[in-house]
$ cat work.pdb   # PDB, C-alpha atoms
ATOM      1  CA  MET A   1      86.181  56.915 304.438
ATOM      2  CA  LEU A   2      88.481  59.327 306.218
ATOM      3  CA  LEU A   3      89.947  57.778 309.344
ATOM      4  CA  SER A   4      91.725  59.318 312.297
ATOM      5  CA  ILE A   5      95.482  58.859 312.463
ATOM      6  CA  ASN A   6      94.925  57.634 316.015
ATOM      7  CA  SER A   7      94.190  54.143 314.753
ATOM      8  CA  PHE A   8      94.919  51.123 316.887
ATOM      9  CA  ALA A   9      96.633  47.796 316.558
ATOM     10  CA  GLN A  10      94.076  44.997 316.660
ATOM     11  CA  SER A  11      96.679  42.961 318.530
ATOM     12  CA  GLU A  12      97.320  44.165 322.062
ATOM     13  CA  ASN A  13     101.123  44.011 321.801
ATOM     14  CA  SER A  14     101.958  47.617 320.877
ATOM     15  CA  LYS A  15     105.749  47.108 320.895
ATOM     16  CA  THR A  16     105.666  44.991 317.736
ATOM     17  CA  PRO A  17     104.545  46.696 314.476
ATOM     18  CA  HIS A  18     101.346  44.713 314.019
ATOM     19  CA  PRO A  19      98.746  45.923 311.482
ATOM     20  CA  LYS A  20      96.736  48.948 312.575
ATOM     21  CA  PHE A  21      93.045  49.290 311.837
ATOM     22  CA  GLY A  22      90.788  52.297 311.979
ATOM     23  CA  PRO A  23      87.176  52.014 313.171
ATOM     24  CA  PHE A  24      84.983  49.435 311.433
ATOM     25  CA  GLU A  25      81.968  51.220 309.963
ATOM     26  CA  GLY A  26      79.077  49.958 307.911
ATOM     27  CA  LEU A  27      75.426  49.025 307.540
ATOM     28  CA  VAL A  28      73.373  46.443 309.407
ATOM     29  CA  TYR A  29      70.787  44.434 307.461
ATOM     30  CA  ASP A  30      67.735  42.442 308.494
ATOM     31  CA  LEU A  31      67.824  38.802 307.418
ATOM     32  CA  PRO A  32      64.313  37.870 306.242
ATOM     33  CA  GLU A  33      63.131  34.284 306.214
ATOM     34  CA  LEU A  34      63.643  32.493 302.922
ATOM     35  CA  GLU A  35      62.266  29.332 301.373
ATOM     36  CA  ILE A  36      65.248  27.071 300.829
ATOM     37  CA  THR A  37      65.032  24.158 298.396
ATOM     38  CA  LYS A  38      67.389  21.176 298.593
ATOM     39  CA  GLY A  39      66.365  18.581 296.071
ATOM     40  CA  LYS A  40      62.715  17.791 296.791
ATOM     41  CA  LEU A  41      62.893  19.177 300.311
ATOM     42  CA  LYS A  42      61.810  22.717 301.164
ATOM     43  CA  SER A  43      62.466  24.517 304.420
ATOM     44  CA  ILE A  44      62.411  28.000 305.923
ATOM     45  CA  GLY A  45      65.751  29.601 306.766
ATOM     46  CA  ILE A  46      67.919  32.688 306.322
ATOM     47  CA  GLN A  47      70.890  33.647 304.161
ATOM     48  CA  GLU A  48      73.918  31.984 305.747
ATOM     49  CA  TYR A  49      76.512  32.723 303.082
ATOM     50  CA  TYR A  50      77.718  36.038 301.718
ATOM     51  CA  SER A  51      76.421  37.191 298.341
ATOM     52  CA  ASP A  52      75.477  40.537 296.822
ATOM     53  CA  THR A  53      71.811  39.846 297.624
ATOM     54  CA  ILE A  54      72.520  41.072 301.144
ATOM     55  CA  TYR A  55      72.500  44.667 299.861
ATOM     56  CA  SER A  56      68.835  44.348 298.837
ATOM     57  CA  TYR A  57      67.641  43.432 302.342
ATOM     58  CA  PRO A  58      65.995  45.937 304.704
ATOM     59  CA  LYS A  59      68.517  48.163 306.458
ATOM     60  CA  ILE A  60      68.354  48.273 310.240
ATOM     61  CA  GLY A  61      70.848  51.122 310.565
ATOM     62  CA  THR A  62      74.538  52.016 310.710
ATOM     63  CA  ILE A  63      77.170  50.725 313.100
ATOM     64  CA  THR A  64      80.678  51.732 314.175
ATOM     65  CA  LEU A  65      82.951  49.386 316.099
ATOM     66  CA  GLN A  66      86.326  50.647 317.277
ATOM     67  CA  LYS A  67      87.626  47.094 316.903
ATOM     68  CA  LEU A  68      86.225  43.671 316.140
ATOM     69  CA  ASP A  69      86.426  42.046 319.538
ATOM     70  CA  ILE A  70      82.919  40.948 320.530
ATOM     71  CA  PRO A  71      83.210  37.951 322.880
ATOM     72  CA  GLU A  72      81.010  34.886 322.580
ATOM     73  CA  SER A  73      77.726  35.824 324.247
ATOM     74  CA  ASN A  74      74.310  34.298 324.887
ATOM     75  CA  THR A  75      71.481  35.909 322.907
ATOM     76  CA  LYS A  76      69.148  35.470 325.896
ATOM     77  CA  GLU A  77      71.425  37.561 328.110
ATOM     78  CA  ASP A  78      73.118  40.113 325.819
ATOM     79  CA  LYS A  79      72.646  42.033 322.598
ATOM     80  CA  PHE A  80      75.241  42.711 319.940
ATOM     81  CA  PRO A  81      76.687  46.194 320.670
ATOM     82  CA  GLY A  82      74.793  48.889 318.801
ATOM     83  CA  ILE A  83      72.041  46.577 317.492
ATOM     84  CA  ASP A  84      68.591  46.225 318.977
ATOM     85  CA  LYS A  85      68.265  42.632 317.782
ATOM     86  CA  THR A  86      69.621  39.325 318.990
ATOM     87  CA  ILE A  87      69.134  37.145 315.880
ATOM     88  CA  LYS A  88      68.626  37.343 312.113
ATOM     89  CA  PHE A  89      70.871  40.268 311.243
ATOM     90  CA  ALA A  90      73.999  40.808 309.167
ATOM     91  CA  MET A  91      76.527  43.570 308.584
ATOM     92  CA  ILE A  92      79.095  44.727 306.046
ATOM     93  CA  LEU A  93      81.920  46.621 307.737
ATOM     94  CA  GLU A  94      84.766  48.586 306.197
ATOM     95  CA  SER A  95      87.978  49.899 307.704
ATOM     96  CA  GLU A  96      91.457  51.000 306.732
ATOM     97  CA  MET A  97      94.446  48.816 307.559
ATOM     98  CA  GLU A  98      97.961  50.211 307.828
ATOM     99  CA  ILE A  99     100.999  47.956 307.419
ATOM    100  CA  LEU A 100     104.012  49.576 309.062
ATOM    101  CA  ILE A 101     106.773  47.325 307.719
ATOM    102  CA  ASP A 102     107.161  44.646 305.029
ATOM    103  CA  GLY A 103     106.537  41.221 306.522
ATOM    104  CA  CYS A 104     104.491  38.078 306.932
ATOM    105  CA  TYR A 105     101.236  38.626 308.827
ATOM    106  CA  GLU A 106      98.828  36.178 310.414
ATOM    107  CA  PHE A 107      95.117  37.023 310.342
ATOM    108  CA  THR A 108      92.659  35.250 312.640
ATOM    109  CA  LEU A 109      88.890  35.525 312.243
ATOM    110  CA  LYS A 110      86.701  33.946 314.920
ATOM    111  CA  SER A 111      82.904  34.109 314.819
ATOM    112  CA  ASP A 112      79.480  32.680 315.640
ATOM    113  CA  ASP A 113      77.863  32.596 313.034
ATOM    114  CA  GLY A 114      79.589  33.202 309.720
ATOM    115  CA  SER A 115      82.178  35.798 308.726
ATOM    116  CA  ARG A 116      84.581  36.664 305.913
ATOM    117  CA  LEU A 117      87.552  39.008 305.580
ATOM    118  CA  TRP A 118      88.657  40.824 302.427
ATOM    119  CA  ILE A 119      91.710  43.051 301.991
ATOM    120  CA  ASP A 120      91.530  45.311 298.933
ATOM    121  CA  GLU A 121      88.606  43.184 297.682
ATOM    122  CA  VAL A 122      90.724  40.012 297.826
ATOM    123  CA  GLN A 123      89.223  37.411 300.167
ATOM    124  CA  LEU A 124      91.720  36.433 302.830
ATOM    125  CA  ILE A 125      89.570  34.328 305.178
ATOM    126  CA  ASN A 126      86.284  32.482 304.625
ATOM    127  CA  ASN A 127      84.627  31.526 307.916
ATOM    128  CA  ASP A 128      81.124  31.634 306.478
ATOM    129  CA  GLY A 129      78.022  29.562 307.184
ATOM    130  CA  GLY A 130      75.874  28.861 310.219
ATOM    131  CA  HIS A 131      78.094  27.443 312.977
ATOM    132  CA  LYS A 132      79.216  27.710 316.574
ATOM    133  CA  MET A 133      82.200  29.878 317.546
ATOM    134  CA  ARG A 134      84.869  28.838 315.053
ATOM    135  CA  THR A 135      88.329  30.113 314.179
ATOM    136  CA  LYS A 136      89.951  30.396 310.751
ATOM    137  CA  LYS A 137      93.509  31.672 310.074
ATOM    138  CA  ASP A 138      95.610  32.751 307.112
ATOM    139  CA  SER A 139      99.202  33.978 306.767
ATOM    140  CA  THR A 140     100.003  36.400 303.961
ATOM    141  CA  SER A 141     102.873  38.781 303.206
ATOM    142  CA  PHE A 142     102.138  42.498 302.927
ATOM    143  CA  TYR A 143     104.287  45.448 302.034
ATOM    144  CA  LYS A 144     104.264  48.737 303.888
ATOM    145  CA  GLY A 145     101.224  50.843 302.995
ATOM    146  CA  THR A 146      97.508  51.262 303.557
ATOM    147  CA  TYR A 147      94.812  48.820 302.487
ATOM    148  CA  THR A 148      91.031  48.609 302.577
ATOM    149  CA  ALA A 149      89.576  45.952 304.892
ATOM    150  CA  LYS A 150      86.028  44.614 304.540
ATOM    151  CA  VAL A 151      84.291  42.186 306.904
ATOM    152  CA  TRP A 152      81.014  40.327 306.486
ATOM    153  CA  TYR A 153      79.349  38.970 309.623
ATOM    154  CA  PHE A 154      75.916  37.521 310.287
ATOM    155  CA  GLN A 155      74.050  36.242 313.326
ATOM    156  CA  GLY A 156      71.445  33.625 312.505
ATOM    157  CA  MET A 157      69.457  31.649 315.030
ATOM    158  CA  PRO A 158      69.812  31.462 318.820
ATOM    159  CA  ASP A 159      71.626  31.030 320.982
ATOM    160  CA  ARG A 160      75.048  32.744 320.687
ATOM    161  CA  PHE A 161      76.889  35.517 318.825
ATOM    162  CA  GLY A 162      80.445  36.907 318.680
ATOM    163  CA  ILE A 163      83.214  37.996 316.343
ATOM    164  CA  LYS A 164      86.915  38.693 316.818
ATOM    165  CA  LEU A 165      89.531  39.768 314.279
ATOM    166  CA  ASP A 166      93.209  39.693 315.142
ATOM    167  CA  ALA A 167      96.245  40.457 312.977
ATOM    168  CA  LYS A 168      99.895  40.216 313.878
ATOM    169  CA  LEU A 169     103.386  40.263 312.391
ATOM    170  CA  ILE A 170     104.934  36.787 312.485
ATOM    171  CA  GLY A 171     108.014  36.986 310.258
ATOM    172  CA  LYS A 172     109.734  38.198 307.122
ATOM    173  CA  VAL A 173     108.139  38.384 303.681
ATOM    174  CA  GLU A 174     110.147  35.460 302.284
ATOM    175  CA  ALA A 175     108.932  33.175 305.088
ATOM    176  CA  CYS A 176     105.259  33.577 304.143
ATOM    177  CA  PRO A 177     103.293  30.882 302.273
ATOM    178  CA  ASN A 178     101.161  33.469 300.431
ATOM    179  CA  ASN A 179     101.943  36.865 298.900
ATOM    180  CA  PHE A 180      99.536  39.776 298.631
ATOM    181  CA  GLU A 181     100.078  41.729 295.427
ATOM    182  CA  LYS A 182      99.272  45.430 295.353
ATOM    183  CA  ASN A 183      98.103  46.561 291.932
ATOM    184  CA  GLU A 184     100.700  49.314 291.937
ATOM    185  CA  LYS A 185     101.170  51.657 288.984
ATOM    186  CA  ILE A 186     104.177  53.883 288.288
ATOM    187  CA  ILE A 187     104.470  57.122 286.348
ATOM    188  CA  THR A 188     107.872  58.600 285.615
ATOM    189  CA  LEU A 189     107.353  62.175 284.525
ATOM    190  CA  GLN A 190     109.460  62.244 281.360
ATOM    191  CA  LYS A 191     109.478  66.026 280.902
ATOM    192  CA  PHE A 192     109.783  66.668 284.576
ATOM    193  CA  TYR A 193     113.476  67.443 284.822
ATOM    194  CA  PHE A 194     114.491  70.086 287.326
ATOM    195  CA  ASP A 195     117.279  72.525 286.700
ATOM    196  CA  THR A 196     120.332  72.155 288.906
ATOM    197  CA  ASP A 197     119.638  73.171 292.502
ATOM    198  CA  ALA A 198     115.953  73.841 291.721
ATOM    199  CA  PHE A 199     112.678  72.490 293.029
ATOM    200  CA  LYS A 200     110.124  74.941 291.664
ATOM    201  CA  ILE A 201     107.681  73.583 289.069
ATOM    202  CA  ASN A 202     107.856  75.323 285.681
ATOM    203  CA  ASN A 203     105.001  75.538 283.160
ATOM    204  CA  GLU A 204     106.099  72.525 281.106
ATOM    205  CA  ALA A 205     106.378  70.327 284.198
ATOM    206  CA  GLN A 206     103.008  71.555 285.481
ATOM    207  CA  LYS A 207     101.349  70.418 282.255
ATOM    208  CA  GLU A 208     102.817  66.949 282.692
ATOM    209  CA  ILE A 209     101.599  66.802 286.298
ATOM    210  CA  GLU A 210      98.123  67.694 285.047
ATOM    211  CA  GLU A 211      98.282  64.862 282.492
ATOM    212  CA  ALA A 212      99.432  62.448 285.217
ATOM    213  CA  ALA A 213      96.599  63.601 287.496
ATOM    214  CA  ILE A 214      94.049  62.594 284.832
ATOM    215  CA  ILE A 215      95.508  59.067 284.711
ATOM    216  CA  ILE A 216      95.723  58.812 288.499
ATOM    217  CA  LYS A 217      92.152  60.009 289.016
ATOM    218  CA  LYS A 218      90.832  57.216 286.769
ATOM    219  CA  SER A 219      92.549  54.649 289.012
ATOM    220  CA  ASN A 220      90.871  56.091 292.127
ATOM    221  CA  PRO A 221      93.968  55.346 294.268
ATOM    222  CA  ARG A 222      94.125  55.141 298.041
ATOM    223  CA  GLN A 223      97.810  55.997 298.237
ATOM    224  CA  ILE A 224     100.339  57.931 296.153
ATOM    225  CA  GLU A 225     104.056  57.664 296.812
ATOM    226  CA  ILE A 226     106.016  60.621 295.429
ATOM    227  CA  ILE A 227     109.759  60.046 295.108
ATOM    228  CA  GLY A 228     112.228  62.829 294.402
ATOM    229  CA  HIS A 229     115.651  62.285 292.792
ATOM    230  CA  THR A 230     118.744  64.374 292.015
ATOM    231  CA  ASP A 231     121.969  64.084 290.064
ATOM    232  CA  ASN A 232     125.242  63.551 291.901
ATOM    233  CA  GLN A 233     126.237  67.192 292.316
ATOM    234  CA  GLY A 234     126.430  68.226 295.954
ATOM    235  CA  SER A 235     126.745  66.245 299.167
ATOM    236  CA  ASP A 236     124.547  63.260 300.025
ATOM    237  CA  GLU A 237     122.721  65.228 302.724
ATOM    238  CA  TYR A 238     122.159  68.203 300.428
ATOM    239  CA  ASN A 239     120.816  65.994 297.624
ATOM    240  CA  LYS A 240     118.466  64.165 299.968
ATOM    241  CA  ASN A 241     116.998  67.449 301.211
ATOM    242  CA  LEU A 242     116.688  68.779 297.657
ATOM    243  CA  SER A 243     114.918  65.627 296.449
ATOM    244  CA  MET A 244     112.464  65.901 299.360
ATOM    245  CA  LYS A 245     111.672  69.487 298.336
ATOM    246  CA  ARG A 246     111.032  68.318 294.781
ATOM    247  CA  ALA A 247     108.693  65.559 295.981
ATOM    248  CA  GLU A 248     106.866  68.002 298.253
ATOM    249  CA  ALA A 249     106.376  70.469 295.380
ATOM    250  CA  VAL A 250     104.740  67.732 293.269
ATOM    251  CA  LYS A 251     102.596  66.626 296.210
ATOM    252  CA  GLN A 252     101.186  70.122 296.684
ATOM    253  CA  SER A 253     100.301  70.347 293.002
ATOM    254  CA  LEU A 254      98.673  66.888 292.920
ATOM    255  CA  MET A 255      96.613  67.552 296.033
ATOM    256  CA  VAL A 256      95.009  70.541 294.313
ATOM    257  CA  LEU A 257      94.443  68.710 291.027
ATOM    258  CA  LEU A 258      93.032  65.497 292.536
ATOM    259  CA  ASP A 259      91.016  67.198 295.290
ATOM    260  CA  ASN A 260      90.476  63.921 297.167
ATOM    261  CA  LYS A 261      91.018  63.949 300.925
ATOM    262  CA  LYS A 262      90.843  60.150 301.095
ATOM    263  CA  ILE A 263      94.171  59.753 299.277
ATOM    264  CA  ARG A 264      97.192  59.141 301.484
ATOM    265  CA  TYR A 265     100.362  60.852 300.275
ATOM    266  CA  ILE A 266     103.863  59.617 301.070
ATOM    267  CA  ILE A 267     106.896  61.646 300.008
ATOM    268  CA  LYS A 268     110.452  60.380 299.811
ATOM    269  CA  GLY A 269     113.741  61.956 298.869
ATOM    270  CA  LEU A 270     116.330  59.505 297.570
ATOM    271  CA  GLY A 271     118.897  62.068 296.475
ATOM    272  CA  SER A 272     121.334  60.683 293.903
ATOM    273  CA  THR A 273     121.137  57.043 295.062
ATOM    274  CA  GLN A 274     119.021  55.757 292.127
ATOM    275  CA  PRO A 275     120.190  57.312 288.845
ATOM    276  CA  ILE A 276     118.508  56.273 285.583
ATOM    277  CA  ALA A 277     121.265  57.744 283.392
ATOM    278  CA  SER A 278     124.949  58.521 283.548
ATOM    279  CA  ASN A 279     126.025  61.436 285.717
ATOM    280  CA  GLU A 280     129.080  61.903 283.498
ATOM    281  CA  ASN A 281     127.330  64.323 281.127
ATOM    282  CA  ASN A 282     124.710  67.065 281.320
ATOM    283  CA  GLU A 283     122.047  65.088 279.474
ATOM    284  CA  GLY A 284     122.272  62.212 281.951
ATOM    285  CA  LYS A 285     122.302  64.523 284.952
ATOM    286  CA  SER A 286     119.171  66.249 283.675
ATOM    287  CA  LYS A 287     117.328  62.916 283.439
ATOM    288  CA  ASN A 288     118.324  62.012 286.982
ATOM    289  CA  ARG A 289     116.744  65.213 288.336
ATOM    290  CA  ARG A 290     113.221  63.767 288.318
ATOM    291  CA  VAL A 291     110.158  62.761 290.357
ATOM    292  CA  GLU A 292     108.385  59.369 290.200
ATOM    293  CA  LEU A 293     104.799  58.607 291.189
ATOM    294  CA  LYS A 294     103.732  55.200 292.526
ATOM    295  CA  PHE A 295     100.037  54.725 293.240
ATOM    296  CA  TYR A 296      97.514  52.007 293.957
TER     297      TYR A 296
END

$ encode --input "work.pdb" --output "structure tokens"
Amino acid sequence: MLLSINSFAQSENSKTPHPKFGPFEGLVYDLPELEITKGKLKSIGIQEYYSDTIYSYPKIGTITLQKLDIPESNTKEDKFPGIDKTIKFAMILESEMEILIDGCYEFTLKSDDGSRLWIDEVQLINNDGGHKMRTKKDSTSFYKGTYTAKVWYFQGMPDRFGIKLDAKLIGKVEACPNNFEKNEKIITLQKFYFDTDAFKINNEAQKEIEEAAIIIKKSNPRQIEIIGHTDNQGSDEYNKNLSMKRAEAVKQSLMVLLDNKKIRYIIKGLGSTQPIASNENNEGKSKNRRVELKFY
């Protein structure tokens, strides 16, 4: 899903770097009546808890919500926006969440009936089941980057519906009770050593980029961070600019090789601030003139 950069903060306080979400898009499903057995008792009901069986139900259509902020409403007076039904429907929505700074974030999911929230396929909040408007919260640390958000919501029987998702920054990473781990992978291009004062990609380096692209493509990443480095020759400002040019050169090559517009690219130039070898000899300086790839 390719989202506009004009995404919004679900929280209304725009001065604080709260998480930003793109539109929530997905499919709406009909909830057929089911025979439910509990012990010796049998009754007629609907699916009130998320499971993969939802994908086999009849599809009503698609839906796009700019944000999840549907107030509690009476089914006899209103309809859920974009749906020509008042009861017995469910939806699976997906969006992209951007975390602007490392920190501890509080997520609040309020709904009537059930709902769940996943970030990168990890369940963060379970507010499932048939119930009145109910609120569940969770606080988890996130690091700067983009993540995939998925929400399940269903509306069962009369007489009310509604769902609201809010997310906000509440503190530093170390203050959070839970940590969210990105499955980040790192490739250091071993043969990718630039000559002094150079940022053009030679044939040997291009081959290594092509090998890295094969590995990256198998991981189907959402984000690639490309970090350029230099040795300690030159001023700090010069080295930072040179390392940015090296990162940009690799980015342009990867974009062609991967050919995936959904990937978000971030380039950084760290100059000579993070050497991996001694700058006292030519061999060490050559190793420090490198580019690293971090992707998840």

$ resolve_selection --input "work.pdb" --expression "the PyMOL selection byres ((chain A and resi 52-66) around 10)" --output "number ranges by chain"
A: 7-8, 10, 21-32, 47, 49-51, 67-70, 81-85, 89-95

$ write_last_selection --input "work.pdb" --atoms "C-alpha atoms" --output "short mmCIF file (atom, residue, chain, number, x, y, z; two decimals), keeping the file's coordinate frame"
data_model
loop_
_atom_site.label_atom_id
_atom_site.label_comp_id
_atom_site.auth_asym_id
_atom_site.auth_seq_id
_atom_site.Cartn_x
_atom_site.Cartn_y
_atom_site.Cartn_z
CA SER A 7 94.19 54.14 314.75
CA PHE A 8 94.92 51.12 316.89
CA GLN A 10 94.08 45.00 316.66
CA PHE A 21 93.04 49.29 311.84
CA GLY A 22 90.79 52.30 311.98
CA PRO A 23 87.18 52.01 313.17
CA PHE A 24 84.98 49.44 311.43
CA GLU A 25 81.97 51.22 309.96
CA GLY A 26 79.08 49.96 307.91
CA LEU A 27 75.43 49.02 307.54
CA VAL A 28 73.37 46.44 309.41
CA TYR A 29 70.79 44.43 307.46
CA ASP A 30 67.74 42.44 308.49
CA LEU A 31 67.82 38.80 307.42
CA PRO A 32 64.31 37.87 306.24
CA GLN A 47 70.89 33.65 304.16
CA TYR A 49 76.51 32.72 303.08
CA TYR A 50 77.72 36.04 301.72
CA SER A 51 76.42 37.19 298.34
CA LYS A 67 87.63 47.09 316.90
CA LEU A 68 86.22 43.67 316.14
CA ASP A 69 86.43 42.05 319.54
CA ILE A 70 82.92 40.95 320.53
CA PRO A 81 76.69 46.19 320.67
CA GLY A 82 74.79 48.89 318.80
CA ILE A 83 72.04 46.58 317.49
CA ASP A 84 68.59 46.22 318.98
CA LYS A 85 68.26 42.63 317.78
CA PHE A 89 70.87 40.27 311.24
CA ALA A 90 74.00 40.81 309.17
CA MET A 91 76.53 43.57 308.58
CA ILE A 92 79.10 44.73 306.05
CA LEU A 93 81.92 46.62 307.74
CA GLU A 94 84.77 48.59 306.20
CA SER A 95 87.98 49.90 307.70
#

$ residues_around --input "work.pdb" --residues "A:Phe199" --least-positions-apart "5" --cutoff "12 Å" --atoms "only C-alpha atoms" --output "PDB file with C-alpha atoms, in the frame of the given file"
ATOM      1  CA  PHE A 192     109.783  66.668 284.576  1.00  0.00           C
ATOM      2  CA  TYR A 193     113.476  67.443 284.822  1.00  0.00           C
ATOM      3  CA  PHE A 194     114.491  70.086 287.326  1.00  0.00           C
ATOM      4  CA  ALA A 205     106.378  70.327 284.198  1.00  0.00           C
ATOM      5  CA  GLY A 228     112.228  62.829 294.402  1.00  0.00           C
ATOM      6  CA  HIS A 229     115.651  62.285 292.792  1.00  0.00           C
ATOM      7  CA  THR A 230     118.744  64.374 292.015  1.00  0.00           C
ATOM      8  CA  ASN A 239     120.816  65.994 297.624  1.00  0.00           C
ATOM      9  CA  ASN A 241     116.998  67.449 301.211  1.00  0.00           C
ATOM     10  CA  LEU A 242     116.688  68.779 297.657  1.00  0.00           C
ATOM     11  CA  SER A 243     114.918  65.627 296.449  1.00  0.00           C
ATOM     12  CA  MET A 244     112.464  65.901 299.360  1.00  0.00           C
ATOM     13  CA  LYS A 245     111.672  69.487 298.336  1.00  0.00           C
ATOM     14  CA  ARG A 246     111.032  68.318 294.781  1.00  0.00           C
ATOM     15  CA  ALA A 247     108.693  65.559 295.981  1.00  0.00           C
ATOM     16  CA  GLU A 248     106.866  68.002 298.253  1.00  0.00           C
ATOM     17  CA  ALA A 249     106.376  70.469 295.380  1.00  0.00           C
ATOM     18  CA  VAL A 250     104.740  67.732 293.269  1.00  0.00           C
ATOM     19  CA  ARG A 289     116.744  65.213 288.336  1.00  0.00           C
ATOM     20  CA  ARG A 290     113.221  63.767 288.318  1.00  0.00           C
ATOM     21  CA  VAL A 291     110.158  62.761 290.357  1.00  0.00           C
TER      22      VAL A 291
END

$ resolve_selection --input "work.pdb" --expression "the PyMOL selection byres ((chain A and resi 226) around 6)" --output "PyMOL selection string"
chain A and resi 225+227+247+267+292-293

$ closest_residue --input "work.pdb" --among "A:Ala212, A:Ile187, A:Val256, A:Ile163" --to "A:Pro71" --atoms "all atoms listed in the file"
A:Ile163

$ closest_residue --input "work.pdb" --among "A:Lys172, A:Lys294, A:Lys240, A:Arg264" --to "A:Ile215" --atoms "all atoms listed in the file"
A:Lys294

$ atom_distance --input "work.pdb" --atom1 "atom CA of A:Leu117" --atom2 "atom CA of A:Lys132"
17.8 Å

$ build_atoms --input "work.pdb" --residues "stretch 84-97 of chain A" --atoms "N, CA and C atoms" --output "PDB file, keeping the file's coordinate frame"
ATOM      1  N   ASP A  84      69.727  46.549 318.123  1.00  0.00           N
ATOM      2  CA  ASP A  84      68.591  46.225 318.977  1.00  0.00           C
ATOM      3  C   ASP A  84      67.919  44.924 318.519  1.00  0.00           C
ATOM      4  N   LYS A  85      68.747  43.953 318.167  1.00  0.00           N
ATOM      5  CA  LYS A  85      68.265  42.632 317.782  1.00  0.00           C
ATOM      6  C   LYS A  85      69.235  41.604 318.324  1.00  0.00           C
ATOM      7  N   THR A  86      68.744  40.393 318.513  1.00  0.00           N
ATOM      8  CA  THR A  86      69.621  39.325 318.990  1.00  0.00           C
ATOM      9  C   THR A  86      69.879  38.267 317.920  1.00  0.00           C
ATOM     10  N   ILE A  87      68.978  38.149 316.934  1.00  0.00           N
ATOM     11  CA  ILE A  87      69.134  37.145 315.880  1.00  0.00           C
ATOM     12  C   ILE A  87      68.711  37.730 314.540  1.00  0.00           C
ATOM     13  N   LYS A  88      69.050  37.023 313.473  1.00  0.00           N
ATOM     14  CA  LYS A  88      68.626  37.343 312.113  1.00  0.00           C
ATOM     15  C   LYS A  88      69.057  38.742 311.670  1.00  0.00           C
ATOM     16  N   PHE A  89      70.351  39.019 311.778  1.00  0.00           N
ATOM     17  CA  PHE A  89      70.871  40.268 311.243  1.00  0.00           C
ATOM     18  C   PHE A  89      72.255  40.010 310.652  1.00  0.00           C
ATOM     19  N   ALA A  90      72.689  40.925 309.801  1.00  0.00           N
ATOM     20  CA  ALA A  90      73.999  40.808 309.167  1.00  0.00           C
ATOM     21  C   ALA A  90      74.576  42.205 308.979  1.00  0.00           C
ATOM     22  N   MET A  91      75.890  42.275 308.778  1.00  0.00           N
ATOM     23  CA  MET A  91      76.527  43.570 308.584  1.00  0.00           C
ATOM     24  C   MET A  91      77.693  43.463 307.611  1.00  0.00           C
ATOM     25  N   ILE A  92      77.921  44.568 306.900  1.00  0.00           N
ATOM     26  CA  ILE A  92      79.095  44.727 306.046  1.00  0.00           C
ATOM     27  C   ILE A  92      79.891  45.890 306.627  1.00  0.00           C
ATOM     28  N   LEU A  93      81.087  45.614 307.071  1.00  0.00           N
ATOM     29  CA  LEU A  93      81.920  46.621 307.737  1.00  0.00           C
ATOM     30  C   LEU A  93      83.155  46.927 306.908  1.00  0.00           C
ATOM     31  N   GLU A  94      83.553  48.189 306.901  1.00  0.00           N
ATOM     32  CA  GLU A  94      84.766  48.586 306.197  1.00  0.00           C
ATOM     33  C   GLU A  94      85.682  49.363 307.127  1.00  0.00           C
ATOM     34  N   SER A  95      86.978  49.204 306.904  1.00  0.00           N
ATOM     35  CA  SER A  95      87.978  49.899 307.704  1.00  0.00           C
ATOM     36  C   SER A  95      89.199  50.142 306.834  1.00  0.00           C
ATOM     37  N   GLU A  96      90.187  50.796 307.404  1.00  0.00           N
ATOM     38  CA  GLU A  96      91.457  51.000 306.732  1.00  0.00           C
ATOM     39  C   GLU A  96      92.551  50.334 307.549  1.00  0.00           C
ATOM     40  N   MET A  97      93.367  49.521 306.886  1.00  0.00           N
ATOM     41  CA  MET A  97      94.446  48.816 307.559  1.00  0.00           C
ATOM     42  C   MET A  97      95.782  49.421 307.135  1.00  0.00           C
TER      43      MET A  97
END
